[in-house]
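Down below is the structure, laid out as structure tokens.
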Amino acid sequence: MTGLLIKDFYNVRKQIIWYLLMLLCFCALSVFMHNSSFGATIGILVTVSVLLTAFAYEEKDGWNKFAAASGMGKWTIVGEKYILGLIFSVLSTAAYLVAFMLIKDYCDWIDFILPVFMQLIMFAVMLPVVFRVGTERGRVYMIVAMIILIVVLIFALTMVPEAWGITPEIVAAVCVPVSFALVVASYFISVRIYDKKRC
Amino acid sequence: MNKLEIKNLTKHYGDFTAEVSFSVPCGAVVGLIGENGAGKSTVIKSILGIVRPDGGEVLFDGKQIDGLKREDRQKIAYVLDDTGLPDELTLKMLGNVFKNMFIKWDGAKYKSLISSLKLPENKPVKEFSKGMKMKAAIAVSLSYDSKLLILDEPTSGLDPVVRDEILGMIYDYVSGDDRAVLISSHITSDLEKLCDYIVYMHGGKVVISEPKDELLEKYAVYSVDKKIVPELDRDAVIKVLEKEYRTELLAYRDRMPEGFDMRPVRLDDIMLFYSKGVTL
């Protein structure tokens with residue numbers, strides 16, 4: 001799996017610089033404007049974009065056939081994309097956490113937990129879709145899904161906690177197991193889709 | 001002993017069905033020939049696990065290929081028609097990738113191969129010519145310890161000099177202990193130089209699977225007057241091809257009467273007769 005990860009990092013190396021710069025800029029905006037929304041949404045964008053770019057290069061190069069013939073196995077080939085997504089998810093969450101800690105007096109912990117949860121939902125939904133339909137159509141579906149999620153996120157951050165009296169502890173207690181279960185289920189679905197595509 | 005055995009391997013694609021059996025003996029180079037759409041790539045993809053066959057079995061060193069562990073599976077080296085190498089990466093980067101992918105990767109051998117092939121180590125693959133890309137793919141396939149090399153159209157679209165270099169590398173590979181090669185190509189002249197056995201596929205079936213020398217010895221192309229064709233022995237004539245001014249026959253040398261205008265058969269002739277000729 002390490003080889004596959006190294007290959008993806010090499011492939012997206014030029015884009016990574018831009019994504020990291022965007023991540024820093026958006027987190028800085030959150031800090032200067034005392035508004036967590038910038039840092040909250042950029043994480044979703046970065047994680048999804050890196051994965052889509054990695055998939056697009058593989059399609060262009062015909063890498064899928066090469067990898068399938070290498071004896072790596074479907075669990076490893078599919079799992080590598082999940083690890084790649086998690087790496088960028090952790091990275092963007094860490095950047096957002098730093099920004100969040102600097103402005104936490106102006107925010108609520110729900111503002112931190114929900115975007116991270118949304119990011120994991122997005123990547124759990126996205127990977128099976130891209131394995132199934134490829135990057136060209138997958139990109140369109142992802143833009144639609146991302147818009148829906150961001151609207152839901154903004155709604156959740158502004159309306160729900162106050163109206164329903166939900167505490168950050170409750171949000172965390174729900175989000176952590178749900179996101180874990182979603183990512184695991186997504187992995188199994190993706191492996192099944194990948195395996196079926198061999199036919 | 002056979003390095004690779006393919007027994008009733010079946011793959012359906014809509015109306016098309018490939019159903020093949022043949023083997024690749026140890027120490028041999030087997031050439032897989034056939035027209036476009038004959039099923040050669042389907043067979044190769046099925047062997048490599050890129051597509052899942054609908055039936056039959058593939059045995060590598062006597063073991064079911066599907067059940068092989070990663071280490072054993074990687075004893076099969078491969079070169080795909082479009083190489084599959086990531087375009088954005090340099091050969092140096094590819095070395096870092098593959099040393100973490102192939103258990104028995106030999107970094108020193110890889111370096112020596114890319115140096116002997118005069119390939120630039122720090123240039124992205126996307127800047128390579130088609131010939132350089134193919135040489136890079138072959139360098140990768142020869143840089144880990146394998147016992148079977150499978151190549152899908154490795155010389156297609158390349159100039160004679162590069163093709164000759166590639167054939168030399170394949171020849172050197174099979175000269176090693178306990179190794180074998182399966183190569184598909186449209187360029188039958190390359191296969192005539194290199195192969196010990198020929199497997200000819202037509203319409204998804206294996207029509208001929210024989211040692212190359214015997215095959216070229218056994219058949220011949222005869223040029224005859226159209227009028228005498230009905231008088232010929234049906235068991236001697238395999239296919240008849242009508243040309244503008246004459247009729248050509250693909251026939252068994254030892255069954256044809258003497259006195260006809262005859263020339264030795266080439267692999268191209270066999271493909272042409274089977275795809276365009278008629279049975280007497």
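Identifiers for the structure tokens are assigned positionally: chains receive A, B, ... in sequence, residues are indexed from 1 per chain, and ligands are indexed from 1 in the order shown.
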Find the residues of chain A in contact range of chain B, meaning any atom within 8 Å when counting only C-alpha atoms, and list them as a list in words.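 Here is what falls inside 8 Å: Met1, Thr2, Gly3, Leu4, Ile6, Lys7, Tyr10, Asn11, Tyr57, Glu58, Asp61, Gly62, Trp63, Asn64, Lys65, Phe66, Ala68, Ala69, Ser70, Gly71, Met72, Gly73, Arg198 and Cys199 of chain A.
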Enumerate, as a ChimeraX atom specification, the complete set of residues in segment 17-261 of chain B that a backbone-based DSSP assignment places in strand (DSSP E). /B:17-25,29-34,55-60,63-64,76-79,148-152,180-184,197-202,205-211,219-224,237-242,247-252,261
Shell around Leu216 of chain B at 12 Å using only C-alpha atoms, local window under 5 positions removed, as a PyMOL selection string: chain B and resi 192+195-198+208+210-211+221+250-253+263-270
Shell of 8 Å around Ile183 of chain B, only C-alpha atoms, local chain residues under 5 positions omitted, as a PyMOL selection string: chain B and resi 29-32+150-154
Those residues with N, CA and C atoms, as a compact mmCIF listing (two decimals), in the first residue's frame please?
```txt
# COMPACT_ATOMS: atom_id res chain seq x y z
N VAL B 29 9.34 -19.03 -25.68
CA VAL B 29 8.62 -17.78 -25.97
C VAL B 29 7.43 -18.17 -26.83
N VAL B 30 6.25 -17.85 -26.32
CA VAL B 30 5.02 -18.17 -27.06
C VAL B 30 4.44 -16.88 -27.61
N GLY B 31 4.21 -16.87 -28.90
CA GLY B 31 3.63 -15.68 -29.56
C GLY B 31 2.14 -15.86 -29.75
N LEU B 32 1.40 -14.87 -29.29
CA LEU B 32 -0.06 -14.90 -29.44
C LEU B 32 -0.42 -13.95 -30.58
N ILE B 150 4.79 -11.48 -19.44
CA ILE B 150 3.66 -11.39 -20.37
C ILE B 150 3.68 -9.99 -20.99
N LEU B 151 3.68 -9.94 -22.29
CA LEU B 151 3.74 -8.64 -22.97
C LEU B 151 2.59 -8.53 -23.96
N ASP B 152 1.85 -7.42 -23.85
CA ASP B 152 0.72 -7.18 -24.75
C ASP B 152 1.13 -6.10 -25.75
N GLU B 153 1.35 -6.49 -26.97
CA GLU B 153 1.71 -5.55 -28.05
C GLU B 153 2.89 -4.64 -27.67
N PRO B 154 4.01 -5.19 -27.26
CA PRO B 154 5.10 -4.31 -26.82
C PRO B 154 5.79 -3.56 -27.95
```
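Here atom CA of Arg179 of chain B is placed at a distance of 4.6 Å from atom CA of Lys147 of chain B.
Comparing A:Thr93, A:Thr53, A:Thr47, A:Asn35 by their smallest distance to Gly134 of chain A, the closest is A:Thr53 (using only C-alpha atoms).
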Could you state the separation of atom CA of Lys63 of chain B and atom CA of Leu9 of chain B in Å, given to one decimal place? 15.1 Å
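You will find atom CA of Ile16 of chain A at 20.9 Å from atom CA of Pro115 of chain A.
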